[in-house]
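S.K.: Supplied in structure tokens, the structure appears directly below.
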Amino acid sequence: SEYALVLPVSVGADSVIALLSADPLLTPLLRAQSDSIARRRELQCVYQVSHAIEDAPTPEEYFSLLPGIVVSGFRASAGAGAWVTYRDGSWGHPPPDGAATAEVPLLAGDDVLGRLVAWVTGPDPLVPEELQMLRDVARVTRKGIEKFEQGLVVEQNLRQLRELFAAIPDRLTLLDTSYCVLVTNNPTGMAKGHRCYEYFHCRPSPCPDCPVANA
């Protein structure tokens, strides 16, 4: 076999590429250089996943980005793809018939809420380092899923609280320590954000013997 080593060479203000024909003695160097570049690409993929989780406001936006980020970490992105499922949604492209695939589950706690499928159609299968990259992506994604799921729980609890307040016929108001109205079952909701003594009693200061102050 013939081998070539590609090196950037600076000449003054210009840069050129030197192509050096080599004998098999350079094979370990070429392989080490290739492995180093591939590993940096895989680490960059996991780094991008971590940032996407932090920046995405919704799971849908995050998972729409994930397939492209995963493919960018492959050693040969041509003929490769990724497909993500989460709850009732899916993003990316399912593997075509005959493609070599690798799959990792997407977890929240012990619950499997989706899966990440990577696939290649070329002659070379995914290498062990790429399989480890997928596991790393799934591990980082797990933290994001748990964050999204916690947000759903909080939103559900808030919705139930609002429904509970709205169903009670008596007037109820939840105040903070500065007498500001946080939640009310007033149908108009006009009191929210105002201080109770200003809105309900047209006073510039708390009422004498106010029960809120005692509480």
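In the structure tokens, chains take the letters A, B, ... in the order shown, each chain's residues start at 1, and ligands count up from 1 in the order shown.
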Give me the residues within 9 Å of region 131-144 of chain A as a VMD selection string, counting only C-alpha atoms and dropping any in the same chain fewer than 5 places off.
M.R.: chain A and resid 42 to 43 45 to 46 49 to 50 53 to 54 59 62 70 73 to 74 102 to 109 115 to 118 126 149
S.K.: Once you have the residues from the selection above, write them out as an mmCIF file, in the first residue's frame, restricted to N, CA and C atoms.
M.R.:
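And here is the file that came out, out05.cif:
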data_model
loop_
_atom_site.group_PDB
_atom_site.id
_atom_site.type_symbol
_atom_site.label_atom_id
_atom_site.label_comp_id
_atom_site.auth_asym_id
_atom_site.auth_seq_id
_atom_site.Cartn_x
_atom_site.Cartn_y
_atom_site.Cartn_z
ATOM 1 N N GLU A 42 -15.112 13.687 18.338
ATOM 2 C CA GLU A 42 -16.077 13.040 19.220
ATOM 3 C C GLU A 42 -16.284 13.846 20.496
ATOM 4 N N LEU A 43 -15.199 14.358 21.071
ATOM 5 C CA LEU A 43 -15.321 15.173 22.277
ATOM 6 C C LEU A 43 -16.065 16.473 21.993
ATOM 7 N N CYS A 45 -18.368 16.813 19.813
ATOM 8 C CA CYS A 45 -19.783 16.433 19.691
ATOM 9 C C CYS A 45 -20.448 16.417 21.062
ATOM 10 N N VAL A 46 -19.824 15.771 22.043
ATOM 11 C CA VAL A 46 -20.392 15.704 23.389
ATOM 12 C C VAL A 46 -20.472 17.099 23.995
ATOM 13 N N VAL A 49 -23.448 18.858 22.568
ATOM 14 C CA VAL A 49 -24.675 18.323 23.156
ATOM 15 C C VAL A 49 -24.944 18.977 24.504
ATOM 16 N N SER A 50 -23.903 19.098 25.327
ATOM 17 C CA SER A 50 -24.055 19.713 26.640
ATOM 18 C C SER A 50 -24.543 21.153 26.522
ATOM 19 N N ILE A 53 -28.275 21.381 25.373
ATOM 20 C CA ILE A 53 -29.222 21.114 26.459
ATOM 21 C C ILE A 53 -29.435 22.364 27.291
ATOM 22 N N GLU A 54 -28.346 23.072 27.588
ATOM 23 C CA GLU A 54 -28.448 24.275 28.417
ATOM 24 C C GLU A 54 -29.197 25.391 27.697
ATOM 25 N N PRO A 59 -37.708 20.558 24.987
ATOM 26 C CA PRO A 59 -37.117 19.313 24.490
ATOM 27 C C PRO A 59 -37.218 19.189 22.974
ATOM 28 N N TYR A 62 -34.295 20.984 21.424
ATOM 29 C CA TYR A 62 -33.044 20.257 21.650
ATOM 30 C C TYR A 62 -32.943 19.034 20.742
ATOM 31 N N VAL A 70 -24.794 14.710 16.465
ATOM 32 C CA VAL A 70 -24.252 13.356 16.548
ATOM 33 C C VAL A 70 -23.498 13.003 15.275
ATOM 34 N N GLY A 73 -19.977 14.115 14.869
ATOM 35 C CA GLY A 73 -18.944 13.424 15.628
ATOM 36 C C GLY A 73 -18.449 12.145 14.984
ATOM 37 N N PHE A 74 -19.081 11.709 13.886
ATOM 38 C CA PHE A 74 -18.647 10.478 13.238
ATOM 39 C C PHE A 74 -17.334 10.698 12.494
ATOM 40 N N ALA A 102 -26.538 1.405 15.497
ATOM 41 C CA ALA A 102 -26.211 1.297 16.919
ATOM 42 C C ALA A 102 -27.243 2.129 17.663
ATOM 43 N N GLU A 103 -27.743 1.610 18.779
ATOM 44 C CA GLU A 103 -28.849 2.254 19.486
ATOM 45 C C GLU A 103 -28.544 2.363 20.974
ATOM 46 N N VAL A 104 -28.886 3.509 21.551
ATOM 47 C CA VAL A 104 -28.774 3.693 23.001
ATOM 48 C C VAL A 104 -30.109 4.257 23.500
ATOM 49 N N PRO A 105 -30.541 3.840 24.702
ATOM 50 C CA PRO A 105 -31.800 4.363 25.242
ATOM 51 C C PRO A 105 -31.602 5.758 25.817
ATOM 52 N N LEU A 106 -32.677 6.539 25.824
ATOM 53 C CA LEU A 106 -32.691 7.856 26.445
ATOM 54 C C LEU A 106 -33.533 7.750 27.708
ATOM 55 N N LEU A 107 -32.902 7.973 28.843
ATOM 56 C CA LEU A 107 -33.518 7.702 30.130
ATOM 57 C C LEU A 107 -33.818 8.975 30.900
ATOM 58 N N ALA A 108 -34.816 8.876 31.778
ATOM 59 C CA ALA A 108 -35.073 9.852 32.832
ATOM 60 C C ALA A 108 -35.305 9.036 34.083
ATOM 61 N N GLY A 109 -34.339 9.052 34.999
ATOM 62 C CA GLY A 109 -34.395 8.108 36.102
ATOM 63 C C GLY A 109 -34.213 6.699 35.572
ATOM 64 N N ARG A 115 -35.058 6.927 22.354
ATOM 65 C CA ARG A 115 -33.843 6.222 21.936
ATOM 66 C C ARG A 115 -33.106 7.057 20.906
ATOM 67 N N LEU A 116 -31.827 6.845 20.858
ATOM 68 C CA LEU A 116 -30.951 7.482 19.875
ATOM 69 C C LEU A 116 -30.364 6.386 19.009
ATOM 70 N N VAL A 117 -30.619 6.459 17.714
ATOM 71 C CA VAL A 117 -30.154 5.448 16.764
ATOM 72 C C VAL A 117 -29.183 6.112 15.790
ATOM 73 N N ALA A 118 -27.976 5.588 15.720
ATOM 74 C CA ALA A 118 -26.992 6.035 14.731
ATOM 75 C C ALA A 118 -26.856 4.964 13.664
ATOM 76 N N LEU A 126 -19.645 1.428 12.506
ATOM 77 C CA LEU A 126 -19.247 2.333 13.577
ATOM 78 C C LEU A 126 -18.171 1.665 14.429
ATOM 79 N N GLU A 149 -38.258 17.057 32.117
ATOM 80 C CA GLU A 149 -39.341 16.363 32.801
ATOM 81 C C GLU A 149 -39.716 17.076 34.101
#
S.K.: Tell me, which residues of chain A carry DSSP helix (DSSP H, G or I), written as a ChimeraX atom specification?
M.R.: /A:24-55,59-72,128-167,196-199,211-214
S.K.: DSSP on the backbone, then: every residue of region 10-209 of chain A marked strand (DSSP E or B), written as a PyMOL selection string.
M.R.: chain A and resi 10-11+14-22+80-86+89-92+100-108+111-120+173-175+180-184+195
S.K.: Name all residues at most 7 Å from His93 (chain A) (count only C-alpha atoms; drop same-chain ones fewer than 3 positions away) and give them as a list in words.
M.R.: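 What passes the distance filter is Gly81, Ala82 and Trp83 of chain A.
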S.K.: Generate the output file for the selected residues, N, CA, C and O atoms, as a PDB file, in the first residue's frame.
M.R.:
ATOM      1  N   GLY A  81     -26.067   8.801   9.543  1.00  0.00           N
ATOM      2  CA  GLY A  81     -27.212   9.572   9.996  1.00  0.00           C
ATOM      3  C   GLY A  81     -27.558   9.214  11.430  1.00  0.00           C
ATOM      4  O   GLY A  81     -26.962   8.318  12.036  1.00  0.00           O
ATOM      5  N   ALA A  82     -28.518   9.949  11.979  1.00  0.00           N
ATOM      6  CA  ALA A  82     -28.971   9.692  13.342  1.00  0.00           C
ATOM      7  C   ALA A  82     -30.467   9.965  13.421  1.00  0.00           C
ATOM      8  O   ALA A  82     -30.998  10.825  12.706  1.00  0.00           O
ATOM      9  N   TRP A  83     -31.108   9.229  14.298  1.00  0.00           N
ATOM     10  CA  TRP A  83     -32.557   9.327  14.479  1.00  0.00           C
ATOM     11  C   TRP A  83     -32.855   9.301  15.976  1.00  0.00           C
ATOM     12  O   TRP A  83     -32.314   8.483  16.711  1.00  0.00           O
TER      13      TRP A  83
END
S.K.: When you draw a straight line from CA of Trp91 (chain A) to CA of Glu60 (chain A), how long is it in Å?
M.R.: 8.7 Å
S.K.: Which residues come within 10 Å of Val212 (chain A), counting only C-alpha atoms, excluding same-chain residues fewer than 3 positions away, as a PyMOL selection string?
M.R.: chain A and resi 175-179+196+206-207+209+215
S.K.: Enter the distance from CA of Ser90 (chain A) to CA of Arg159 (chain A), in Å, rounded to one decimal.
M.R.: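 About the pair CA of Ser90 (chain A) and CA of Arg159 (chain A): they are 26.8 Å apart.
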S.K.: Need the shell around Asn186 (chain A): protein/DNA/RNA residues with any atom at most 10 Å away, counting only C-alpha atoms. Skip same-chain ones fewer than 4 positions apart. Format as a PyMOL selection string?
M.R.: chain A and resi 165-166+169-173+190-192
S.K.: For Asp97 (chain A), please output as a list in words all residues within 12 Å (counting only C-alpha atoms; exclusion window: fewer than 6 positions along the same chain).
M.R.: Trp119, Val120 and Thr121 of chain A
S.K.: For the residues in the current selection, export N, CA and C atoms as a PDB file, in the first residue's frame.
M.R.:
ATOM      1  N   TRP A 119     -26.625   5.392  12.436  1.00  0.00           N
ATOM      2  CA  TRP A 119     -26.531   4.412  11.360  1.00  0.00           C
ATOM      3  C   TRP A 119     -25.542   4.868  10.290  1.00  0.00           C
ATOM      4  N   VAL A 120     -24.989   3.881   9.593  1.00  0.00           N
ATOM      5  CA  VAL A 120     -24.073   4.140   8.481  1.00  0.00           C
ATOM      6  C   VAL A 120     -24.436   3.192   7.338  1.00  0.00           C
ATOM      7  N   THR A 121     -24.292   3.691   6.140  1.00  0.00           N
ATOM      8  CA  THR A 121     -24.581   2.870   4.959  1.00  0.00           C
ATOM      9  C   THR A 121     -23.319   2.500   4.204  1.00  0.00           C
TER      10      THR A 121
END
